[in-house]
>>> print(open('work26.csv').read())   # CSV, C-alpha atoms and all ligand atoms
chain,number,residue,atom,x,y,z
A,23,GLU,CA,20.2,5.7,-32.2
A,24,SER,CA,17.4,5.9,-34.8
A,25,ASN,CA,17.1,2.2,-34.7
A,26,ARG,CA,16.5,2.3,-31.0
A,27,CYS,CA,13.8,4.8,-31.4
A,28,ARG,CA,12.0,2.6,-33.8
A,29,ASN,CA,11.7,0.0,-31.2
A,30,LYS,CA,9.5,2.2,-29.3
A,31,ASP,CA,7.4,3.1,-32.4
A,32,LYS,CA,6.5,-0.6,-32.6
A,33,SER,CA,5.2,-0.5,-29.1
A,34,ASP,CA,3.2,2.6,-29.9
A,35,ARG,CA,1.4,0.9,-32.8
A,36,ALA,CA,0.7,-2.1,-30.5
A,37,THR,CA,-1.2,-0.1,-28.0
A,38,THR,CA,-4.9,0.5,-28.2
A,39,ASP,CA,-5.5,2.0,-24.8
A,40,GLY,CA,-4.6,5.4,-25.9
A,41,CYS,CA,-2.2,6.2,-23.1
A,42,LEU,CA,0.9,6.7,-25.2
A,43,ASP,CA,0.2,10.2,-26.5
A,44,VAL,CA,2.8,12.2,-28.4
A,45,LEU,CA,4.3,13.7,-25.3
A,46,THR,CA,4.8,10.3,-23.7
A,47,ILE,CA,6.4,9.0,-26.9
A,48,GLY,CA,8.7,12.0,-26.8
A,49,THR,CA,9.6,11.2,-23.2
A,50,ILE,CA,10.4,7.6,-23.9
A,51,CYS,CA,12.5,8.5,-26.9
A,52,LYS,CA,14.5,10.9,-24.8
A,53,LEU,CA,15.1,8.1,-22.2
A,54,ILE,CA,16.2,5.7,-24.9
A,55,LYS,CA,18.5,8.3,-26.4
A,56,LYS,CA,20.1,9.0,-23.0
A,57,GLY,CA,20.6,5.3,-22.5
A,58,TYR,CA,18.3,4.9,-19.5
A,59,ILE,CA,16.2,2.4,-21.4
A,60,SER,CA,17.3,0.1,-24.3
A,61,GLU,CA,14.0,-1.1,-25.6
A,62,VAL,CA,10.3,-0.9,-24.9
A,63,ASN,CA,7.9,-3.7,-25.8
A,64,GLY,CA,4.2,-3.9,-25.6
A,65,CYS,CA,1.7,-3.0,-22.8
A,66,VAL,CA,1.6,-5.9,-20.4
A,67,ALA,CA,-1.1,-4.7,-18.0
A,68,THR,CA,-3.5,-1.8,-17.4
A,69,GLY,CA,-4.6,-0.8,-14.0
A,70,LYS,CA,-7.0,1.9,-12.7
A,71,GLU,CA,-4.8,4.9,-13.5
A,72,ALA,CA,-1.9,3.6,-15.5
A,73,SER,CA,-0.7,1.2,-18.1
A,74,VAL,CA,2.5,-0.8,-17.6
A,75,TYR,CA,4.9,-1.5,-20.4
A,76,TYR,CA,7.7,-4.1,-20.5
A,77,GLY,CA,11.1,-2.9,-21.4
A,78,LYS,CA,14.8,-3.7,-21.1
A,79,LEU,CA,18.0,-2.0,-20.2
A,80,TYR,CA,21.4,-3.5,-21.2
A,81,SER,CA,23.6,-2.2,-18.6
A,82,GLU,CA,27.4,-2.8,-18.5
A,83,THR,CA,27.4,-3.3,-14.7
A,84,GLU,CA,24.2,-5.3,-14.3
A,85,GLY,CA,23.6,-6.9,-17.6
A,86,GLU,CA,20.1,-7.2,-18.9
A,87,VAL,CA,17.6,-5.5,-16.5
A,88,HIS,CA,13.9,-6.1,-17.0
A,89,LEU,CA,11.9,-2.9,-16.7
A,90,ALA,CA,8.3,-2.0,-16.0
A,91,LEU,CA,7.4,1.4,-17.3
A,92,LYS,CA,4.3,2.6,-15.5
A,93,ILE,CA,2.7,5.3,-17.6
A,94,PHE,CA,0.0,7.4,-16.0
A,95,ARG,CA,-3.1,8.1,-18.0
A,96,THR,CA,-4.0,11.7,-18.4
A,97,SER,CA,-7.7,11.6,-18.6
A,98,ILE,CA,-9.4,14.1,-16.3
A,99,GLN,CA,-11.7,11.5,-14.7
A,100,SER,CA,-9.1,9.3,-13.2
A,101,PHE,CA,-7.2,12.3,-11.9
A,102,ASN,CA,-10.1,13.9,-10.2
A,103,ASP,CA,-10.5,10.8,-8.1
A,104,ARG,CA,-7.0,11.3,-6.8
A,105,ASP,CA,-7.8,14.6,-5.1
A,106,LYS,CA,-8.3,13.2,-1.7
A,107,TYR,CA,-4.9,11.6,-1.5
A,108,VAL,CA,-2.8,14.6,-2.4
A,109,ALA,CA,-4.9,17.3,-0.8
A,110,GLY,CA,-3.8,16.3,2.8
A,111,ASP,CA,-0.2,15.6,2.0
A,112,PHE,CA,2.0,18.4,3.0
A,113,ARG,CA,4.8,17.3,0.6
A,114,TYR,CA,2.7,18.3,-2.4
A,115,ARG,CA,0.7,21.2,-1.0
A,116,HIS,CA,2.2,23.9,-3.3
A,117,ARG,CA,2.1,21.9,-6.5
A,118,TYR,CA,-1.3,20.4,-6.8
A,119,ASN,CA,-3.3,22.0,-9.6
A,120,LYS,CA,-6.9,20.9,-9.5
A,121,SER,CA,-8.0,22.8,-12.6
A,122,ASN,CA,-5.4,21.3,-14.8
A,123,PRO,CA,-4.8,17.6,-14.3
A,124,ARG,CA,-2.1,17.4,-16.9
A,125,GLN,CA,0.0,19.7,-14.8
A,126,SER,CA,-0.4,17.4,-11.8
A,127,ILE,CA,1.0,14.3,-13.5
A,128,PRO,CA,4.6,14.9,-12.5
A,129,THR,CA,3.3,15.2,-9.0
A,130,TRP,CA,1.8,11.7,-9.3
A,131,THR,CA,4.8,10.1,-10.8
A,132,GLU,CA,7.0,11.7,-8.3
A,133,LYS,CA,4.8,10.6,-5.5
A,134,GLU,CA,4.9,7.0,-6.7
A,135,PHE,CA,8.7,7.3,-7.2
A,136,ARG,CA,9.3,8.6,-3.7
A,137,ASN,CA,7.0,6.2,-2.0
A,138,LEU,CA,8.4,3.2,-3.8
A,139,LYS,CA,11.9,4.4,-2.8
A,140,ARG,CA,10.9,4.3,0.8
A,141,LEU,CA,9.6,0.8,0.5
A,142,ASN,CA,12.9,-0.2,-1.2
A,143,ALA,CA,14.8,1.5,1.6
A,144,HIS,CA,13.1,-0.4,4.3
A,145,GLY,CA,13.3,-3.8,2.6
A,146,ILE,CA,9.6,-4.2,1.8
A,147,ARG,CA,9.3,-6.5,-1.1
A,148,SER,CA,8.4,-4.3,-4.1
A,149,PRO,CA,9.8,-3.4,-7.5
A,150,LYS,CA,13.0,-1.5,-7.3
A,151,CYS,CA,12.4,2.0,-8.3
A,152,LEU,CA,14.8,3.3,-10.9
A,153,PHE,CA,13.9,6.7,-12.2
A,154,THR,CA,11.0,8.9,-13.3
A,155,LYS,CA,10.4,11.4,-16.1
A,156,TYR,CA,7.2,13.3,-16.6
A,157,ASP,CA,4.3,10.7,-16.8
A,158,VAL,CA,6.6,7.6,-16.7
A,159,VAL,CA,7.9,5.8,-13.6
A,160,VAL,CA,10.5,3.1,-14.4
A,161,MET,CA,11.0,0.2,-12.0
A,162,THR,CA,12.2,-3.4,-12.2
A,163,PHE,CA,9.8,-5.8,-13.8
A,164,ILE,CA,8.3,-8.5,-11.6
A,165,GLY,CA,7.8,-11.5,-13.7
A,166,ASP,CA,9.6,-13.8,-16.2
A,167,ASN,CA,10.3,-13.5,-19.9
A,168,GLY,CA,8.1,-10.4,-20.3
A,169,TRP,CA,5.1,-12.0,-18.5
A,170,PRO,CA,4.1,-10.1,-15.5
A,171,ALA,CA,3.6,-12.1,-12.3
A,172,PRO,CA,0.0,-12.6,-11.4
A,173,THR,CA,-1.8,-10.4,-8.8
A,174,LEU,CA,-3.1,-12.1,-5.7
A,175,LYS,CA,-6.5,-11.7,-7.2
A,176,GLU,CA,-5.5,-14.2,-10.0
A,177,VAL,CA,-3.6,-16.9,-8.1
A,178,VAL,CA,-4.9,-20.0,-6.5
A,179,LEU,CA,-3.4,-20.7,-3.1
A,180,THR,CA,-3.4,-23.6,-0.8
A,181,GLN,CA,-4.6,-22.8,2.7
A,182,ASP,CA,-1.1,-23.2,4.2
A,183,LYS,CA,0.3,-20.8,1.6
A,184,ALA,CA,-2.4,-18.3,2.1
A,185,ARG,CA,-1.8,-18.4,5.9
A,186,GLU,CA,1.9,-17.8,5.3
A,187,LEU,CA,1.2,-14.9,2.9
A,188,TYR,CA,-1.3,-13.3,5.3
A,189,ARG,CA,1.3,-13.1,8.0
A,190,ASP,CA,3.8,-11.7,5.6
A,191,VAL,CA,1.4,-9.0,4.3
A,192,VAL,CA,0.5,-8.0,7.9
A,193,ILE,CA,4.2,-7.5,8.7
A,194,MET,CA,4.7,-5.5,5.5
A,195,MET,CA,1.8,-3.3,6.5
A,196,TRP,CA,3.3,-2.8,9.9
A,197,LYS,CA,6.7,-1.9,8.5
A,198,MET,CA,5.2,0.4,5.9
A,199,TYR,CA,3.4,2.3,8.8
A,200,HIS,CA,6.2,2.3,11.3
A,201,LYS,CA,9.4,2.4,9.1
A,202,CYS,CA,8.2,4.1,5.9
A,203,LYS,CA,5.6,6.2,7.8
A,204,LEU,CA,3.2,5.5,4.9
A,205,ILE,CA,-0.2,4.0,4.5
A,206,HIS,CA,-0.7,2.3,1.2
A,207,ALA,CA,-4.2,3.6,0.8
A,208,ASP,CA,-5.1,1.2,-2.1
A,209,LEU,CA,-4.0,-2.1,-0.7
A,210,SER,CA,-5.9,-5.1,-2.0
A,211,GLU,CA,-5.5,-8.3,-4.0
A,212,PHE,CA,-5.2,-6.1,-7.2
A,213,ASN,CA,-2.1,-4.3,-5.9
A,214,MET,CA,-0.1,-7.2,-4.5
A,215,ILE,CA,1.7,-9.5,-6.9
A,216,TYR,CA,2.7,-13.1,-6.3
A,217,TYR,CA,6.2,-13.9,-7.5
A,218,GLN,CA,8.6,-16.6,-6.5
A,219,GLY,CA,6.3,-17.7,-3.7
A,220,LYS,CA,6.1,-14.3,-2.1
A,221,VAL,CA,3.9,-11.2,-2.1
A,222,TRP,CA,5.3,-8.0,-3.7
A,223,ILE,CA,3.6,-4.7,-3.0
A,224,ILE,CA,3.0,-2.3,-6.0
A,225,ASP,CA,1.0,0.8,-6.9
A,226,VAL,CA,2.0,3.2,-4.2
A,227,GLY,CA,1.2,6.4,-6.1
A,228,GLN,CA,-1.7,7.2,-3.8
A,229,SER,CA,0.0,6.2,-0.6
A,230,VAL,CA,-0.1,8.8,2.1
A,231,GLU,CA,2.0,9.9,5.0
A,232,ASN,CA,0.7,8.2,8.2
A,233,ASN,CA,-0.1,11.7,9.6
A,234,HIS,CA,-2.3,12.6,6.6
A,235,CYS,CA,-5.6,13.9,7.8
A,236,GLU,CA,-7.5,10.9,6.5
A,237,ALA,CA,-4.8,8.4,7.3
A,238,THR,CA,-7.0,6.3,9.6
A,239,THR,CA,-9.8,6.1,7.0
A,240,PHE,CA,-7.3,4.8,4.4
A,241,LEU,CA,-5.7,2.4,6.8
A,242,LYS,CA,-9.1,1.0,7.9
A,243,LYS,CA,-9.9,0.4,4.2
A,244,ASP,CA,-6.6,-1.4,3.6
A,245,CYS,CA,-7.1,-3.5,6.7
A,246,THR,CA,-10.6,-4.4,5.5
A,247,ASN,CA,-9.5,-5.4,2.0
A,248,VAL,CA,-6.6,-7.5,3.3
A,249,THR,CA,-8.8,-9.2,5.9
A,250,GLU,CA,-11.6,-10.0,3.6
A,251,TYR,CA,-9.3,-11.3,0.9
A,252,PHE,CA,-7.5,-13.7,3.2
A,253,ASN,CA,-10.8,-14.8,4.7
A,254,ARG,CA,-12.0,-15.7,1.3
A,255,ARG,CA,-8.9,-17.8,0.9
A,256,GLY,CA,-9.7,-19.7,4.1
A,257,VAL,CA,-7.3,-18.0,6.5
A,258,ALA,CA,-8.4,-17.5,10.1
A,259,THR,CA,-7.4,-13.8,10.3
A,260,MET,CA,-7.4,-11.3,13.0
A,261,ARG,CA,-10.5,-9.1,13.0
A,262,ILE,CA,-10.3,-5.9,11.1
A,263,LYS,CA,-10.1,-3.8,14.3
A,264,GLU,CA,-7.3,-6.1,15.7
A,265,LEU,CA,-5.3,-5.7,12.6
A,266,PHE,CA,-5.8,-1.9,12.7
A,267,ASP,CA,-4.8,-1.8,16.3
A,268,PHE,CA,-1.8,-4.0,15.7
A,269,ILE,CA,-0.5,-1.7,13.0
A,270,THR,CA,-1.0,1.5,14.8
A,271,ASP,CA,-0.1,0.4,18.3
A,272,SER,CA,2.9,2.6,19.3
A,273,SER,CA,4.1,0.1,21.9
A,274,ILE,CA,4.7,-2.6,19.3
A,275,THR,CA,8.4,-2.5,18.3
A,276,ASP,CA,10.8,-4.5,16.2
A,277,GLU,CA,11.6,-6.5,19.3
A,278,ASN,CA,8.1,-7.6,20.3
A,279,MET,CA,6.3,-7.4,16.9
A,280,GLU,CA,6.6,-11.1,16.0
A,281,GLU,CA,5.6,-12.2,19.5
A,282,CYS,CA,2.5,-10.0,19.4
A,283,LEU,CA,1.6,-11.4,16.0
A,284,ASP,CA,2.0,-15.0,17.4
A,285,GLN,CA,-0.2,-14.1,20.3
A,286,LEU,CA,-2.8,-12.5,18.1
A,287,SER,CA,-2.9,-15.4,15.6
A,288,LYS,CA,-3.7,-17.7,18.5
A,289,ASN,CA,-6.9,-15.7,19.1
A,290,SER,CA,-7.8,-15.5,15.4
A,291,LYS,CA,-11.0,-17.2,14.3
A,292,TYR,CA,-12.4,-18.4,11.0
A,293,ARG,CA,-15.1,-16.1,9.7
A,294,SER,CA,-17.7,-18.9,10.1
A,295,GLU,CA,-16.9,-19.0,13.8
A,296,ILE,CA,-17.4,-15.3,14.3
A,297,THR,CA,-20.5,-14.5,16.4
A,298,ASP,CA,-23.2,-12.0,15.5
A,299,ILE,CA,-21.8,-9.7,18.3
A,300,ASP,CA,-18.3,-9.9,16.8
A,301,GLN,CA,-19.7,-9.1,13.4
A,302,ALA,CA,-21.8,-6.2,14.7
A,303,GLU,CA,-18.7,-4.8,16.4
A,304,GLU,CA,-16.7,-5.1,13.2
A,305,ASP,CA,-19.4,-3.3,11.3
A,306,VAL,CA,-19.4,-0.4,13.8
A,307,PHE,CA,-15.6,-0.2,13.5
A,308,LYS,CA,-15.9,0.1,9.7
A,309,GLN,CA,-18.2,3.1,10.1
A,310,VAL,CA,-16.7,5.0,13.0
A,311,PHE,CA,-14.5,8.0,12.5
A,312,ILE,CA,-11.0,7.6,14.1
A,313,PRO,CA,-9.1,10.8,14.7
A,314,LYS,CA,-5.5,10.7,13.9
A,315,LYS,CA,-4.3,13.3,16.3
A,316,LEU,CA,-5.7,14.4,19.7
A,317,HIS,CA,-6.2,17.7,17.9
A,318,ASP,CA,-9.0,16.0,15.8
A,319,VAL,CA,-10.9,14.7,18.8
A,320,VAL,CA,-14.1,16.6,19.1
A,321,ASP,CA,-15.0,16.0,22.7
A,322,TYR,CA,-12.4,14.2,24.6
A,323,GLU,CA,-14.2,14.2,27.9
A,324,ARG,CA,-17.4,12.8,26.4
A,325,ASP,CA,-15.4,10.0,24.7
A,326,ILE,CA,-13.6,9.1,28.0
A,327,ASP,CA,-16.9,9.1,29.9
A,328,GLU,CA,-18.5,6.8,27.3
A,329,ALA,CA,-15.5,4.5,27.3
A,330,LYS,CA,-15.5,4.3,31.1
A,331,ALA,CA,-19.2,3.4,30.9
A,332,GLY,CA,-18.2,0.4,28.8
A,333,GLY,CA,-18.0,1.9,25.3
A,334,ASP,CA,-15.0,1.6,23.1
A,335,LEU,CA,-12.5,4.4,22.6
A,336,TYR,CA,-11.4,3.6,19.0
A,337,TYR,CA,-8.4,5.8,19.0
A,338,LYS,CA,-6.8,4.6,22.3
A,339,ARG,CA,-4.0,2.6,20.6
A,340,LEU,CA,-3.2,5.5,18.3
A,341,VAL,CA,-2.7,7.9,21.2
A,342,GLY,CA,-1.1,5.2,23.4
A,343,LEU,CA,-3.8,4.8,26.1
A,344,LYS,CA,-4.5,1.5,27.9
A,345,ALA,CA,-7.7,-0.2,27.2
A,346,ASP,CA,-9.1,0.6,30.6
A,347,LEU,CA,-7.8,4.2,30.2
A,348,SER,CA,-5.8,3.9,33.4
A,349,GLY,CA,-2.7,5.4,31.9
A,350,THR,CA,-0.4,5.3,28.9
A,351,VAL,CA,0.8,2.0,27.5
A,352,GLN,CA,4.3,0.8,28.2
A,353,GLN,CA,4.1,-2.5,26.5
A,354,PRO,CA,1.6,-4.1,24.0
A,355,GLU,CA,-1.6,-5.1,25.7
A,356,ILE,CA,-1.7,-8.4,24.0
A,357,LEU,CA,1.6,-9.3,25.7
A,358,GLU,CA,0.3,-8.1,29.1
A,359,LYS,CA,-2.6,-10.4,28.8
A,360,LYS,CA,-0.3,-13.2,28.0
A,361,GLN,CA,1.8,-12.6,31.1
A,362,GLU,CA,-1.3,-12.4,33.3
A,363,LYS,CA,-2.4,-15.8,32.0
A,364,GLU,CA,1.0,-17.3,32.7
A,365,GLN,CA,1.2,-16.1,36.3
B,1,LIG,P1,-2.7,1.4,-11.4
B,1,LIG,O1,-2.4,2.5,-10.5
B,1,LIG,O2,-3.2,1.8,-12.7
B,1,LIG,O3,-3.6,0.3,-10.7
B,1,LIG,P2,-0.5,-0.5,-11.0
B,1,LIG,O4,0.8,0.0,-10.4
B,1,LIG,O5,-1.4,-1.3,-10.1
B,1,LIG,O6,-1.3,0.7,-11.7
B,1,LIG,O7,-0.1,-1.4,-12.3
B,1,LIG,C1,-1.1,-2.0,-13.1
B,1,LIG,C2,-0.8,-3.5,-13.3
B,1,LIG,O8,0.5,-3.6,-13.9
B,1,LIG,C3,-0.7,-4.3,-12.0
B,1,LIG,O9,-1.9,-4.8,-11.7
B,1,LIG,C4,0.3,-5.3,-12.4
B,1,LIG,O10,-0.4,-6.4,-12.9
B,1,LIG,C5,1.2,-4.7,-13.4
B,1,LIG,N1,2.4,-4.2,-12.8
B,1,LIG,C6,2.7,-3.0,-12.2
B,1,LIG,N2,3.9,-2.9,-11.8
B,1,LIG,C7,4.6,-4.0,-12.2
B,1,LIG,C8,5.9,-4.5,-12.2
B,1,LIG,N3,6.9,-3.7,-11.6
B,1,LIG,N4,6.2,-5.7,-12.7
B,1,LIG,C9,5.3,-6.4,-13.3
B,1,LIG,N5,4.0,-6.0,-13.4
B,1,LIG,C10,3.6,-4.8,-12.9
B,2,MG,MG,-3.3,-1.0,-9.2
>>> encode(input="work26.csv", output="structure tokens", more="lines below")
Ligand code: ADP
Ligand code: MG
Amino acid sequence: ESNRCRNKDKSDRATTDGCLDVLTIGTICKLIKKGYISEVNGCVATGKEASVYYGKLYSETEGEVHLALKIFRTSIQSFNDRDKYVAGDFRYRHRYNKSNPRQSIPTWTEKEFRNLKRLNAHGIRSPKCLFTKYDVVVMTFIGDNGWPAPTLKEVVLTQDKARELYRDVVIMMWKMYHKCKLIHADLSEFNMIYYQGKVWIIDVGQSVENNHCEATTFLKKDCTNVTEYFNRRGVATMRIKELFDFITDSSITDENMEECLDQLSKNSKYRSEITDIDQAEEDVFKQVFIPKKLHDVVDYERDIDEAKAGGDLYYKRLVGLKADLSGTVQQPEILEKKQEKEQ
């Protein structure tokens, strides 16, 4: 037992980022004593809010399991930034303590734990979530021999590979929204890892319910990051607004999702082929406020009048209205257009 604890002491000395404080060491020691973790090695990566340690568990049933221990930093600065994610999430409304960030840490780890569980449950490629204790979340390690797999930021991709990964990421975003009812809220090349030829999604501590009051703002940001990243890697992506509409369109289902995506990718253009008008529209879309619920619409009649006069009603897909506002959508517009062409 004492020998096991010493393993962890070694990792403590190896760290210079100051995130293993006495309390965290105590937590890890307890986890080792209880047999949840067998050993903890050094820090393998640091992110915006946490450091990740590599560890192992020797389990009788599963053999050697490689672990990633995500340990949240407790500095006040990084926690104040997180306000906006928790403030609108009803699951955590009673527990969030703004004046004492240390008290909110279990809320953060629990949030990451529960969100990751949802991704696991719906088959979205992500580390398998194992357990959480105080400021530590333990999940499976993505990588080999203690080396974490690179983030999308770090990998070099061929154009074909990038195209394949783009489609895959779009589908994962769609599933996350419709199946997990979550918006990642920090999706970018820094929070996607490339392992065994596929993309794995990580860092879901700040992810919000898709009915969060700022859900559309977060989703728009995710769509922007993903689009811009894959554009830089030479992929002819959908436009940001198309991606946003694809993800939120309530008439897109398991059955027609792939078909819609095929149709959309036929229309996709390389960034260099995008006209100034397209670009201007995209810029407006980035700026505009999109209400999540009809309740948030300030002046519905004004919006409808403007839309009928040729303007765009940005929230039409979210509330299930047709583009010409002639009624509610029964099937995805992109497929309707396709059928018209075929007739
Ligand atoms: P932060 O919230 O601080 O950004 P992340 O969850 O993004 O924390 O983790 C920080 C870094 O640790 C990631 O960029 C990634 O390189 C690495 N990492 C995180 N989780 C794992 C994992 N399960 N397996 C391997 N590496 C991981
Ligand atoms: Mg991160």
>>> closest_residue(input="work26.csv", among="A:Tyr251, A:Lys78, A:Thr129, A:Arg147", to="A:Leu53", atoms="all atoms listed in the file")
A:Lys78
>>> residues_near_ligand(input="work26.csv", ligand="ligand MG 2 (chain B)", cutoff="7 Å", atoms="only C-alpha atoms and all ligand atoms", output="list in words")
Gly69, Lys70, Phe212, Asn213 and Asp225 of chain A
>>> residues_near_point(input="work26.csv", point="(7.0, -18.5, -4.2)", cutoff="12 Å", atoms="only C-alpha atoms", output="list in words")
Gly165, Ala171, Pro172, Val177, Leu179, Lys183, Ala184, Glu186, Leu187, Ile215, Tyr216, Tyr217, Gln218, Gly219, Lys220, Val221 and Trp222 of chain A
>>> closest_residue(input="work26.csv", among="A:Arg113, A:Lys201, A:His88, A:Arg95", to="A:Ala143", atoms="all atoms listed in the file")
A:Lys201
>>> closest_residue(input="work26.csv", among="A:Cys51, A:Leu45, A:Val248, A:Leu89", to="ligand LIG 1 (chain B)", atoms="all atoms listed in the file")
A:Leu89
>>> closest_atom_pairs(input="work26.csv", of="chain A", to="ligand LIG 1 (chain B)", cutoff="6 Å", atoms="only C-alpha atoms and all ligand atoms", output="JSON lines")
{"residue": "A:Ala67", "atom": "CA", "partner": "B:LIG1", "partner_atom": "O8", "distance": 4.5}
{"residue": "A:Thr68", "atom": "CA", "partner": "B:LIG1", "partner_atom": "C1", "distance": 4.9}
{"residue": "A:Gly69", "atom": "CA", "partner": "B:LIG1", "partner_atom": "O2", "distance": 3.2}
{"residue": "A:Lys70", "atom": "CA", "partner": "B:LIG1", "partner_atom": "O2", "distance": 3.8}
{"residue": "A:Glu71", "atom": "CA", "partner": "B:LIG1", "partner_atom": "O2", "distance": 3.6}
{"residue": "A:Ala72", "atom": "CA", "partner": "B:LIG1", "partner_atom": "O2", "distance": 3.6}
{"residue": "A:Ser73", "atom": "CA", "partner": "B:LIG1", "partner_atom": "C1", "distance": 5.9}
{"residue": "A:Val74", "atom": "CA", "partner": "B:LIG1", "partner_atom": "O8", "distance": 5.1}
{"residue": "A:Ala90", "atom": "CA", "partner": "B:LIG1", "partner_atom": "N3", "distance": 4.9}
{"residue": "A:Pro149", "atom": "CA", "partner": "B:LIG1", "partner_atom": "N3", "distance": 5.0}
{"residue": "A:Met161", "atom": "CA", "partner": "B:LIG1", "partner_atom": "N3", "distance": 5.7}
{"residue": "A:Thr162", "atom": "CA", "partner": "B:LIG1", "partner_atom": "N3", "distance": 5.3}
{"residue": "A:Phe163", "atom": "CA", "partner": "B:LIG1", "partner_atom": "N4", "distance": 3.8}
{"residue": "A:Ile164", "atom": "CA", "partner": "B:LIG1", "partner_atom": "N4", "distance": 3.7}
{"residue": "A:Gly165", "atom": "CA", "partner": "B:LIG1", "partner_atom": "C9", "distance": 5.7}
{"residue": "A:Pro170", "atom": "CA", "partner": "B:LIG1", "partner_atom": "C9", "distance": 4.5}
{"residue": "A:Thr173", "atom": "CA", "partner": "B:LIG1", "partner_atom": "O10", "distance": 5.9}
{"residue": "A:Phe212", "atom": "CA", "partner": "B:LIG1", "partner_atom": "O9", "distance": 5.7}
{"residue": "A:Asn213", "atom": "CA", "partner": "B:LIG1", "partner_atom": "O5", "distance": 5.2}
{"residue": "A:Ile224", "atom": "CA", "partner": "B:LIG1", "partner_atom": "O4", "distance": 5.4}
{"residue": "A:Asp225", "atom": "CA", "partner": "B:LIG1", "partner_atom": "O4", "distance": 3.6}
>>> closest_residue(input="work26.csv", among="A:Pro354, A:Gln181, A:Ile326, A:Arg136", to="A:Arg254", atoms="all atoms listed in the file")
A:Gln181
